[in-house]
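Beneath this line is the structure, given in structure tokens, with notes to follow.
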Amino acid sequence: MSAKKGLADSIRHFTPSWFTVNMGTGAVSILFAGFPYGSQTDAMKALAIAFFCLNLLLFVLFTAASVARYTRYPDLWSLMLRHPTQSLFLGTFPMGAVTLINTAVNVIHGAYGYGGRGYLYAIWGLWWLDVAVSILCTWGIVHVMFTRQDHTLSQMTSVWLLPVVTLIVASSAGGELAQAIHPYSATKALTTLAFSVFMVSIGLTLALMILTIYFYRLVLYGYPQGPGIVSSFVPLGPMGQSGFSIILIGESMQQFLPISGSRSLFLGSERVGESVYAFCICISFLLWALSTMWLGYALLGVVHVVRKTRIPFKLAFWGMIFPNGVYANLTVSLYRVLDVQFFRVWGAIYSIITLLLWIVVFYQTLVMVPRGRIFESPCIEEVNMGKNAPAPETKETRNATLSGPHPEGGREPPSAENNSTRLEIQTVSLPVVFARTVLKRSCSNVSLYLV
């Protein structure tokens with residue numbers, strides 16, 4: 001069990017993974033706004049706003065704690081960035097912010113009718129800022145994975161998805177904003193929609209690549225053990241959120257097209273909007289099916305691990321809330337477009353399950369926060385444990401060793417003199433080893449003969 005930490009030490013161990021709390025809380029707020037039974041009642045709207053306010057408060061608090069951490073301990077930034085797991089959680093920051101944007105558009109503006117053009121344009125500007133951070137995460141963090149970190153297939157988890165899912169999550173907010181802004185500016189709405197298509201295409205493609213590798217890892221090495229098993233739910237996130245985003249894109253295309261006066265055979269056609277909408281619904285159902293598949297594997301994995309060992313509560317448990325929430329949200333969204341009662345009932349049941357899961361995890365977090373034991377930073381703990389250990393070989397040093405001297409300096413190749421000395425030692429050693437082997441066999445034969 002971790003030792004009790006004070007405020008300063010808790011801030012020092014405050015990692016980016018805390019923004020998974022925002023993602024989970026925001027997902028619950030969205031579920032209340034879209035619940036398939038009584039979503040338009042004042043009670044449901046009030047619950048959605050209550051969770052939005054809590055999420056906003058936590059987001060501001062976590063952002064302030066993060067700024068304090070890297071301002072007071074600037075060396076922790078580079079240390080965290082080089083860590084093969086903690087750095088991936090940087091993607092949770094823009095995704096946590098998107099849940100606030102979604103509720104601000106869907107509930108505050110859509111359900112309550114608050115704010116006009118100025119309000120929406122302010123939210124739109126914040127969305128573009130979130131898009132910039134998401135792009136930085138997708139290209140920047142993945143680039144760091146390529147060049148600065150060491151990864152192995154046996155240690156891989158679905159957390160690899162976090163940097164690339166940022167684009168998918170941002171695209172869903174773009175779909176919401178495009179529909180809200182369209183009455184004020186068709187150009188801005190189409191630009192937002194086009195960029196959302198761009199982001200969900202890249203994010204979903206990268207997510208499918210990573211999930212293929214993750215499936216291969218499960219076949220070779222089995223499920224992650226201990227608290228790491230909760231990451232088995234993460235694949236529900238990109239599948240569920242992509243499906244929801246694509247439904248919004250299809251609805252927007254159906255609403256926006258054809259564009260009056262356009263000479264484009266695509267944008268000016270009266271049939272394109274309906275065709276794109278139908279295609280998007282089919283793709284969303286396919287993604288829901290894939291998400292359900294991963295849900296089955298996640299549940300089997302949890303049962304498998306729990307039967308063998310007890311899983312202590314960690315901050316990682318928050319990583320379950322958002323994926324399950326977006327899966328429930330996609331299920332409810334399919335009910336709204338297909339009018340199939342199965343999706344309505346299953347979506348409502350799973351929304352309630354997600355809410356209960358949030359309550360349990362939130363309570364456990366509140367219990368552990370006062371003592372500071374939930375604040376754990378693996379990158380700091382690994383450094384403290386390895387102060388007297390030799391420096392581990394990194395990707396750069398290994399590549400430098402394999403490729404010889406660097407043009408600007410580095411490790412020199414073995415000289416000819418060293419090679420000749422090594423050859424002489426090996427030449428002298430061979431006869432000695434041979435004589436020792438012969439003598440040992442002779443003694444063995446004599447002993448057998450005497451017996």
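Quick note on naming: the chains in the structure tokens go A, B, ... in the order shown, residues restart at 1 in each chain, and ligands are numbered from 1 in order of appearance.
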| said: Need the shell around Ile101 in chain A: protein/DNA/RNA residues with any atom at most 9 Å away, counting only C-alpha atoms. Skip same-chain ones fewer than 6 positions apart. Format as JSON, numbers by chain? | reply: {"A": [123, 124, 126, 127, 173, 177]}
What's the 7 Å shell around Gly174 in chain A, counting only C-alpha atoms, without same-chain residues fewer than 2 positions away, as a PDB file with all heavy atoms, in the first residue's frame?
```pdb
ATOM      1  N   ALA A 170     -12.851  14.396 -30.637  1.00  0.00           N
ATOM      2  CA  ALA A 170     -13.017  15.779 -31.100  1.00  0.00           C
ATOM      3  C   ALA A 170     -13.981  15.858 -32.280  1.00  0.00           C
ATOM      4  O   ALA A 170     -14.733  16.831 -32.423  1.00  0.00           O
ATOM      5  CB  ALA A 170     -11.668  16.371 -31.476  1.00  0.00           C
ATOM      6  N   SER A 171     -13.977  14.836 -33.136  1.00  0.00           N
ATOM      7  CA  SER A 171     -14.869  14.848 -34.299  1.00  0.00           C
ATOM      8  C   SER A 171     -16.339  14.785 -33.884  1.00  0.00           C
ATOM      9  O   SER A 171     -17.209  15.343 -34.562  1.00  0.00           O
ATOM     10  CB  SER A 171     -14.534  13.676 -35.227  1.00  0.00           C
ATOM     11  OG  SER A 171     -14.900  12.440 -34.648  1.00  0.00           O
ATOM     12  N   SER A 172     -16.630  14.096 -32.767  1.00  0.00           N
ATOM     13  CA  SER A 172     -18.023  14.026 -32.313  1.00  0.00           C
ATOM     14  C   SER A 172     -18.537  15.395 -31.896  1.00  0.00           C
ATOM     15  O   SER A 172     -19.688  15.756 -32.182  1.00  0.00           O
ATOM     16  CB  SER A 172     -18.144  13.035 -31.153  1.00  0.00           C
ATOM     17  OG  SER A 172     -17.448  13.481 -30.010  1.00  0.00           O
ATOM     18  N   GLU A 176     -21.713  17.848 -33.462  1.00  0.00           N
ATOM     19  CA  GLU A 176     -22.714  18.599 -32.683  1.00  0.00           C
ATOM     20  C   GLU A 176     -22.685  20.080 -33.040  1.00  0.00           C
ATOM     21  O   GLU A 176     -23.736  20.717 -33.235  1.00  0.00           O
ATOM     22  CB  GLU A 176     -22.433  18.419 -31.181  1.00  0.00           C
ATOM     23  CG  GLU A 176     -22.540  16.986 -30.674  1.00  0.00           C
ATOM     24  CD  GLU A 176     -23.936  16.647 -30.204  1.00  0.00           C
ATOM     25  OE1 GLU A 176     -24.864  17.413 -30.504  1.00  0.00           O
ATOM     26  OE2 GLU A 176     -24.085  15.607 -29.540  1.00  0.00           O
ATOM     27  N   LEU A 177     -21.480  20.642 -33.129  1.00  0.00           N
ATOM     28  CA  LEU A 177     -21.347  22.070 -33.406  1.00  0.00           C
ATOM     29  C   LEU A 177     -21.792  22.432 -34.817  1.00  0.00           C
ATOM     30  O   LEU A 177     -22.384  23.499 -35.037  1.00  0.00           O
ATOM     31  CB  LEU A 177     -19.889  22.496 -33.201  1.00  0.00           C
ATOM     32  CG  LEU A 177     -19.490  22.842 -31.772  1.00  0.00           C
ATOM     33  CD1 LEU A 177     -17.976  22.916 -31.635  1.00  0.00           C
ATOM     34  CD2 LEU A 177     -20.124  24.159 -31.356  1.00  0.00           C
ATOM     35  N   ALA A 178     -21.509  21.550 -35.774  1.00  0.00           N
ATOM     36  CA  ALA A 178     -21.888  21.842 -37.160  1.00  0.00           C
ATOM     37  C   ALA A 178     -23.398  22.032 -37.279  1.00  0.00           C
ATOM     38  O   ALA A 178     -23.872  22.963 -37.957  1.00  0.00           O
ATOM     39  CB  ALA A 178     -21.406  20.719 -38.072  1.00  0.00           C
ATOM     40  N   THR A 192     -16.548  22.859 -40.455  1.00  0.00           N
ATOM     41  CA  THR A 192     -16.464  22.052 -39.232  1.00  0.00           C
ATOM     42  C   THR A 192     -16.753  20.586 -39.534  1.00  0.00           C
ATOM     43  O   THR A 192     -16.062  19.680 -39.038  1.00  0.00           O
ATOM     44  CB  THR A 192     -17.464  22.570 -38.188  1.00  0.00           C
ATOM     45  OG1 THR A 192     -17.207  23.951 -37.938  1.00  0.00           O
ATOM     46  CG2 THR A 192     -17.358  21.792 -36.896  1.00  0.00           C
ATOM     47  N   LEU A 193     -17.764  20.343 -40.353  1.00  0.00           N
ATOM     48  CA  LEU A 193     -18.139  18.972 -40.693  1.00  0.00           C
ATOM     49  C   LEU A 193     -17.036  18.283 -41.488  1.00  0.00           C
ATOM     50  O   LEU A 193     -16.715  17.108 -41.236  1.00  0.00           O
ATOM     51  CB  LEU A 193     -19.441  18.980 -41.492  1.00  0.00           C
ATOM     52  CG  LEU A 193     -20.060  17.614 -41.774  1.00  0.00           C
ATOM     53  CD1 LEU A 193     -20.453  16.925 -40.475  1.00  0.00           C
ATOM     54  CD2 LEU A 193     -21.259  17.752 -42.698  1.00  0.00           C
ATOM     55  N   SER A 196     -14.291  17.322 -39.251  1.00  0.00           N
ATOM     56  CA  SER A 196     -14.695  16.196 -38.412  1.00  0.00           C
ATOM     57  C   SER A 196     -14.554  14.879 -39.164  1.00  0.00           C
ATOM     58  O   SER A 196     -14.115  13.865 -38.597  1.00  0.00           O
ATOM     59  CB  SER A 196     -16.148  16.381 -37.949  1.00  0.00           C
ATOM     60  OG  SER A 196     -16.275  17.523 -37.135  1.00  0.00           O
TER      61      SER A 196
END
```
| request: Could you tell me which of A:Thr92, A:Thr147, A:Ser284, A:Gln341 comes closest to Gly24 in chain A if we count only C-alpha atoms? | output: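 Selected residue with least distance to Gly24 in chain A: A:Thr92.
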| query | Could you work out how far CA of Leu31 in chain A lies from CA of Leu90 in chain A, giving the answer in Å with one decimal? | reply | 24.5 Å
| So how far away is CA of Met23 in chain A from CA of Ala50 in chain A, in Å? | 15.1 Å
| field | Picked from range 19-212 of chain A by DSSP as helix (DSSP H, G or I), as a ChimeraX atom specification | value | /A:19-33,42-72,75-82,86-111,117-147,158-181,186-212
| Closest to Leu153 in chain A among A:Pro224, A:Tyr121, A:Glu274, A:Ile380, using only C-alpha atoms? |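 The answer is A:Pro224, which sits nearest to Leu153 in chain A.
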